[in-house]
Amino acid sequence: MSVATIVSSPLTSSNIRSLSIISPSSFSPINPFKSYSFALQSNTAKLSTTSLLRNPNSRFSVSAMSVAAQENLSKTAFLDRRESGVLHFVKYHGLGNDFIMVNNLDSMEPKVTPEQAVKLCDRNFGIGADGVIFAMPGFNGTDYTMRIFNSDGSEPEMCGNGVRCFAKFIADLNNSHGIQSFTVHTGAGLIIPEIQDDGQVKVDMGEPVLKASGVPTKIPPNKDESVVKAKIEVDGVNWNVTCVSMGNPHCVTFGTQGNEKLVVDELNLADIGPKFENHALFPARTNTEFVQVFSRSHLKMRVWERGAGATLACGTGACAVVVAAILEGRSERKCRVDLPGGPLDIEWREEDNHVYMTGPAQLVFYGSVEI
């Protein structure tokens with residue numbers, strides 16, 4: 001991935017000024033421990049090195065200019081630098097669900113406001129991300145606390161892909177390797193991610209909440225106190241839905257009353273997604289998963305996330321999908337769930353009633369932005 005197209009503007013001005021980048025070591029044209037500055041001048045970058053790095057999918061071509069040959073700069077030292085008005089960050093993604101990670105271990109107060117997070121997440125005028133995640137000191141005996149601001153500035157209780165990125169971020173901060181786990185306090189309660197020996201991250205997501213009032217949803221319960229394959233009218237169409245909370249609300253549907261065999265790639269997600277998210281039956285709004293069943297151990301989903309819209313992956317959503325599929329008698333307790341960004345392995349264990357999610361988290365680049 002070419003980092004030469006990552007351009008950010010100061011959050012206090014409409015003029016683009018500069019963004020410093022340290023690239024991951026997998027990007028060979030740039031020294032991974034050298035600081036670079038990217039500047040945009042009159043919508044055209046001035047070539048200042050012997051080669052111009054280009055991304056065919058970007059709107060701009062931007063040159064990289066070395067401004068500090070800090071050969072011995074470690075990743076931790078980079079993030080520990082203190083500069084007034086400058087935010088140091090790391091970009092990670094979990095199956096394309098991408099986040100700006102901030103080392104906030106010295107304070108329980110986020111280093112950026114929700115309004116600033118909106119600007120940072122803007123894919124045209126900011127860094128670009130689905131959210132900003134803060135690594136904070138532990139709370140009530142946990143090792144760490146995780147908070148997140150969505151790209152619209154709202155704060156969700158938890159994020160499954162985000163917590164996998166959080167685990168990798170903490171390991172990088174600690175310069176630790178191999179199998180390791182930590183306890184993380186979130187708005188959804190205690191979460192325990194474990195980095196596996198193959199680099200995948202397995203997360204104990206806890207028990208799903210099925211009680212309608214705990215999701216929350218105003219749909220009348222139809223199975224004990226839960227909502228399972230209940231009818232909901234959205235834009236004049238009756239959908240069958242099952243409601244699950246994985247610390248955040250999810251509405252899972254396998255189809256309409258007239259057609260329970262969704263082909264999810266044919267959905268106009270941008271049209272139908274917001275209508276579910278903001279439906280009056282979901283007082284806290286909702287994430288919505290549209291699911292296609294290939295077999296009892298293989299599902300495919302697309303998601304409209306509350307506060308972020310269509311994303312390439314949603315970890316809590318994949319967990320909710322498997323729980324809903326089991327409740328509706330459509331799947332086994334272990335499933336591979338295909339998302340637009342790639343697959344996740346989900347298990348709802350009968351022994352402890354916990355849901356376990358396993359998937360990747362990948363570092364993209366290091367950077368600094370004026371705020």
# chains A, B, ... in the order shown; residues from 1 in each chain; ligands from 1

call {"tool": "closest_atom_pairs", "arguments": {"of": "range 93-197 of chain A", "to": "range 240-245 of chain A", "cutoff": "12 Å", "atoms": "only C-alpha atoms", "output": "CSV"}}
result
residue,atom,partner,partner_atom,distance
A:Glu157,CA,A:Ser245,CA,10.5
A:Met158,CA,A:Ser245,CA,10.7
A:Cys159,CA,A:Ser245,CA,11.9
A:Ala188,CA,A:Ser245,CA,9.5

call {"tool": "select_by_dssp", "arguments": {"residues": "range 154-329 of chain A", "states": "alpha helix (DSSP H)", "output": "ChimeraX atom specification"}}
result
/A:160-174,269-277,315-327

call {"tool": "residues_around", "arguments": {"residues": "range 91-102 of chain A", "least_positions_apart": "3", "cutoff": "7 Å", "atoms": "only C-alpha atoms", "output": "ChimeraX atom specification"}}
result
/A:129-135,161,165,311-313,341-342,360-366

call {"tool": "atom_distance", "arguments": {"atom1": "CA of Ala230 in chain A", "atom2": "CA of Thr256 in chain A"}}
result
10.5 Å

call {"tool": "residues_around", "arguments": {"residues": "Asp352 in chain A", "least_positions_apart": "5", "cutoff": "12 Å", "atoms": "only C-alpha atoms", "output": "list of chain:residue names"}}
result
A:Asp204, A:Met205, A:Gly206, A:Glu207, A:Pro208, A:Glu347

call {"tool": "atom_distance", "arguments": {"atom1": "CA of Ser295 in chain A", "atom2": "CA of Arg164 in chain A"}}
result
26.6 Å

call {"tool": "closest_residue", "arguments": {"among": "A:Asn174, A:Ser331, A:Thr142, A:Asn222", "to": "Ile192 in chain A", "atoms": "only C-alpha atoms"}}
result
A:Thr142

call {"tool": "closest_residue", "arguments": {"among": "A:Asp143, A:Glu115, A:Glu260, A:Asp106", "to": "Glu155 in chain A", "atoms": "only C-alpha atoms"}}
result
A:Glu115

call {"tool": "atom_distance", "arguments": {"atom1": "CA of Thr358 in chain A", "atom2": "CA of Asp345 in chain A"}}
result
5.2 Å

call {"tool": "residues_around", "arguments": {"residues": "Ile179 in chain A", "least_positions_apart": "6", "cutoff": "7 Å", "atoms": "only C-alpha atoms", "output": "number ranges by chain"}}
result
A: 195-197

call {"tool": "write_last_selection", "arguments": {"atoms": "N, CA, C and O atoms", "output": "compact mmCIF listing (two decimals), in the first residue's frame"}}
result
# COMPACT_ATOMS: atom_id res chain seq x y z
N ILE A 195 -3.92 -12.63 21.51
CA ILE A 195 -3.16 -12.74 20.26
C ILE A 195 -2.63 -14.15 20.14
O ILE A 195 -1.97 -14.66 21.05
N GLN A 196 -2.93 -14.82 19.02
CA GLN A 196 -2.54 -16.20 18.81
C GLN A 196 -1.13 -16.27 18.23
O GLN A 196 -0.56 -15.26 17.79
N ASP A 197 -0.56 -17.48 18.21
CA ASP A 197 0.81 -17.62 17.70
C ASP A 197 0.90 -17.38 16.20
O ASP A 197 1.98 -17.12 15.66

call {"tool": "decode", "arguments": {"residues": "range 300-339 of chain A", "atoms": "N, CA and C atoms", "output": "mmCIF file, in the first residue's frame"}}
result
data_model
loop_
_atom_site.group_PDB
_atom_site.id
_atom_site.type_symbol
_atom_site.label_atom_id
_atom_site.label_comp_id
_atom_site.auth_asym_id
_atom_site.auth_seq_id
_atom_site.Cartn_x
_atom_site.Cartn_y
_atom_site.Cartn_z
ATOM 1 N N LYS A 300 -22.763 -15.497 4.950
ATOM 2 C CA LYS A 300 -22.234 -14.283 4.354
ATOM 3 C C LYS A 300 -23.093 -13.112 4.798
ATOM 4 N N MET A 301 -22.476 -12.005 5.123
ATOM 5 C CA MET A 301 -23.240 -10.860 5.629
ATOM 6 C C MET A 301 -22.741 -9.549 5.048
ATOM 7 N N ARG A 302 -23.640 -8.592 5.003
ATOM 8 C CA ARG A 302 -23.296 -7.191 4.794
ATOM 9 C C ARG A 302 -23.896 -6.417 5.957
ATOM 10 N N VAL A 303 -23.238 -5.333 6.315
ATOM 11 C CA VAL A 303 -23.633 -4.635 7.527
ATOM 12 C C VAL A 303 -23.799 -3.149 7.264
ATOM 13 N N TRP A 304 -24.810 -2.601 7.922
ATOM 14 C CA TRP A 304 -24.955 -1.149 8.034
ATOM 15 C C TRP A 304 -24.740 -0.824 9.498
ATOM 16 N N GLU A 305 -23.612 -0.140 9.806
ATOM 17 C CA GLU A 305 -23.267 0.116 11.195
ATOM 18 C C GLU A 305 -23.856 1.428 11.692
ATOM 19 N N ARG A 306 -24.373 1.360 12.877
ATOM 20 C CA ARG A 306 -24.879 2.553 13.554
ATOM 21 C C ARG A 306 -23.734 3.548 13.727
ATOM 22 N N GLY A 307 -23.897 4.724 13.152
ATOM 23 C CA GLY A 307 -22.890 5.760 13.316
ATOM 24 C C GLY A 307 -21.756 5.718 12.321
ATOM 25 N N ALA A 308 -21.679 4.666 11.492
ATOM 26 C CA ALA A 308 -20.581 4.565 10.521
ATOM 27 C C ALA A 308 -21.067 4.217 9.118
ATOM 28 N N GLY A 309 -22.279 3.685 8.998
ATOM 29 C CA GLY A 309 -22.809 3.335 7.682
ATOM 30 C C GLY A 309 -22.288 1.991 7.204
ATOM 31 N N ALA A 310 -22.199 1.826 5.896
ATOM 32 C CA ALA A 310 -21.700 0.577 5.316
ATOM 33 C C ALA A 310 -20.208 0.463 5.580
ATOM 34 N N THR A 311 -19.793 -0.634 6.177
ATOM 35 C CA THR A 311 -18.368 -0.879 6.421
ATOM 36 C C THR A 311 -17.998 -2.240 5.850
ATOM 37 N N LEU A 312 -16.694 -2.468 5.730
ATOM 38 C CA LEU A 312 -16.211 -3.718 5.155
ATOM 39 C C LEU A 312 -16.291 -4.882 6.132
ATOM 40 N N ALA A 313 -16.430 -4.586 7.407
ATOM 41 C CA ALA A 313 -16.512 -5.657 8.405
ATOM 42 C C ALA A 313 -17.070 -5.100 9.706
ATOM 43 N N CYS A 314 -17.691 -5.979 10.489
ATOM 44 C CA CYS A 314 -18.197 -5.629 11.817
ATOM 45 C C CYS A 314 -18.103 -6.875 12.680
ATOM 46 N N GLY A 315 -17.190 -6.857 13.653
ATOM 47 C CA GLY A 315 -16.956 -8.032 14.479
ATOM 48 C C GLY A 315 -18.127 -8.379 15.377
ATOM 49 N N THR A 316 -18.680 -7.384 16.080
ATOM 50 C CA THR A 316 -19.848 -7.664 16.916
ATOM 51 C C THR A 316 -21.019 -8.099 16.049
ATOM 52 N N GLY A 317 -21.102 -7.543 14.831
ATOM 53 C CA GLY A 317 -22.165 -7.941 13.908
ATOM 54 C C GLY A 317 -22.053 -9.391 13.494
ATOM 55 N N ALA A 318 -20.831 -9.845 13.201
ATOM 56 C CA ALA A 318 -20.631 -11.249 12.832
ATOM 57 C C ALA A 318 -21.016 -12.171 13.988
ATOM 58 N N CYS A 319 -20.692 -11.751 15.222
ATOM 59 C CA CYS A 319 -21.094 -12.535 16.397
ATOM 60 C C CYS A 319 -22.613 -12.596 16.518
ATOM 61 N N ALA A 320 -23.256 -11.451 16.345
ATOM 62 C CA ALA A 320 -24.714 -11.401 16.429
ATOM 63 C C ALA A 320 -25.361 -12.246 15.347
ATOM 64 N N VAL A 321 -24.764 -12.269 14.170
ATOM 65 C CA VAL A 321 -25.298 -13.066 13.056
ATOM 66 C C VAL A 321 -25.309 -14.544 13.406
ATOM 67 N N VAL A 322 -24.217 -15.049 13.978
ATOM 68 C CA VAL A 322 -24.161 -16.473 14.324
ATOM 69 C C VAL A 322 -25.146 -16.793 15.447
ATOM 70 N N VAL A 323 -25.239 -15.920 16.438
ATOM 71 C CA VAL A 323 -26.226 -16.123 17.505
ATOM 72 C C VAL A 323 -27.636 -16.182 16.915
ATOM 73 N N ALA A 324 -27.956 -15.246 16.042
ATOM 74 C CA ALA A 324 -29.290 -15.210 15.425
ATOM 75 C C ALA A 324 -29.530 -16.454 14.565
ATOM 76 N N ALA A 325 -28.504 -16.883 13.829
ATOM 77 C CA ALA A 325 -28.652 -18.066 12.974
ATOM 78 C C ALA A 325 -28.929 -19.315 13.803
ATOM 79 N N ILE A 326 -28.279 -19.417 14.939
ATOM 80 C CA ILE A 326 -28.519 -20.557 15.832
ATOM 81 C C ILE A 326 -29.926 -20.486 16.411
ATOM 82 N N LEU A 327 -30.329 -19.309 16.860
ATOM 83 C CA LEU A 327 -31.667 -19.152 17.434
ATOM 84 C C LEU A 327 -32.759 -19.478 16.418
ATOM 85 N N GLU A 328 -32.510 -19.190 15.143
ATOM 86 C CA GLU A 328 -33.488 -19.476 14.093
ATOM 87 C C GLU A 328 -33.317 -20.875 13.500
ATOM 88 N N GLY A 329 -32.358 -21.637 14.030
ATOM 89 C CA GLY A 329 -32.161 -23.005 13.566
ATOM 90 C C GLY A 329 -31.488 -23.115 12.209
ATOM 91 N N ARG A 330 -30.684 -22.138 11.859
ATOM 92 C CA ARG A 330 -30.077 -22.102 10.526
ATOM 93 C C ARG A 330 -28.620 -22.553 10.512
ATOM 94 N N SER A 331 -27.951 -22.632 11.689
ATOM 95 C CA SER A 331 -26.521 -22.927 11.667
ATOM 96 C C SER A 331 -26.094 -23.728 12.888
ATOM 97 N N GLU A 332 -24.848 -24.210 12.805
ATOM 98 C CA GLU A 332 -24.196 -24.847 13.937
ATOM 99 C C GLU A 332 -23.589 -23.760 14.822
ATOM 100 N N ARG A 333 -22.947 -24.175 15.903
ATOM 101 C CA ARG A 333 -22.392 -23.209 16.850
ATOM 102 C C ARG A 333 -21.043 -22.650 16.417
ATOM 103 N N LYS A 334 -20.413 -23.283 15.450
ATOM 104 C CA LYS A 334 -19.174 -22.751 14.876
ATOM 105 C C LYS A 334 -19.423 -22.414 13.418
ATOM 106 N N CYS A 335 -19.103 -21.179 13.025
ATOM 107 C CA CYS A 335 -19.374 -20.736 11.652
ATOM 108 C C CYS A 335 -18.238 -19.881 11.114
ATOM 109 N N ARG A 336 -18.042 -19.981 9.819
ATOM 110 C CA ARG A 336 -17.226 -19.017 9.089
ATOM 111 C C ARG A 336 -18.198 -17.976 8.528
ATOM 112 N N VAL A 337 -17.926 -16.705 8.821
ATOM 113 C CA VAL A 337 -18.789 -15.622 8.349
ATOM 114 C C VAL A 337 -17.991 -14.770 7.368
ATOM 115 N N ASP A 338 -18.449 -14.711 6.129
ATOM 116 C CA ASP A 338 -17.805 -13.894 5.106
ATOM 117 C C ASP A 338 -18.342 -12.472 5.175
ATOM 118 N N LEU A 339 -17.433 -11.506 5.244
ATOM 119 C CA LEU A 339 -17.774 -10.095 5.196
ATOM 120 C C LEU A 339 -17.101 -9.499 3.973
#
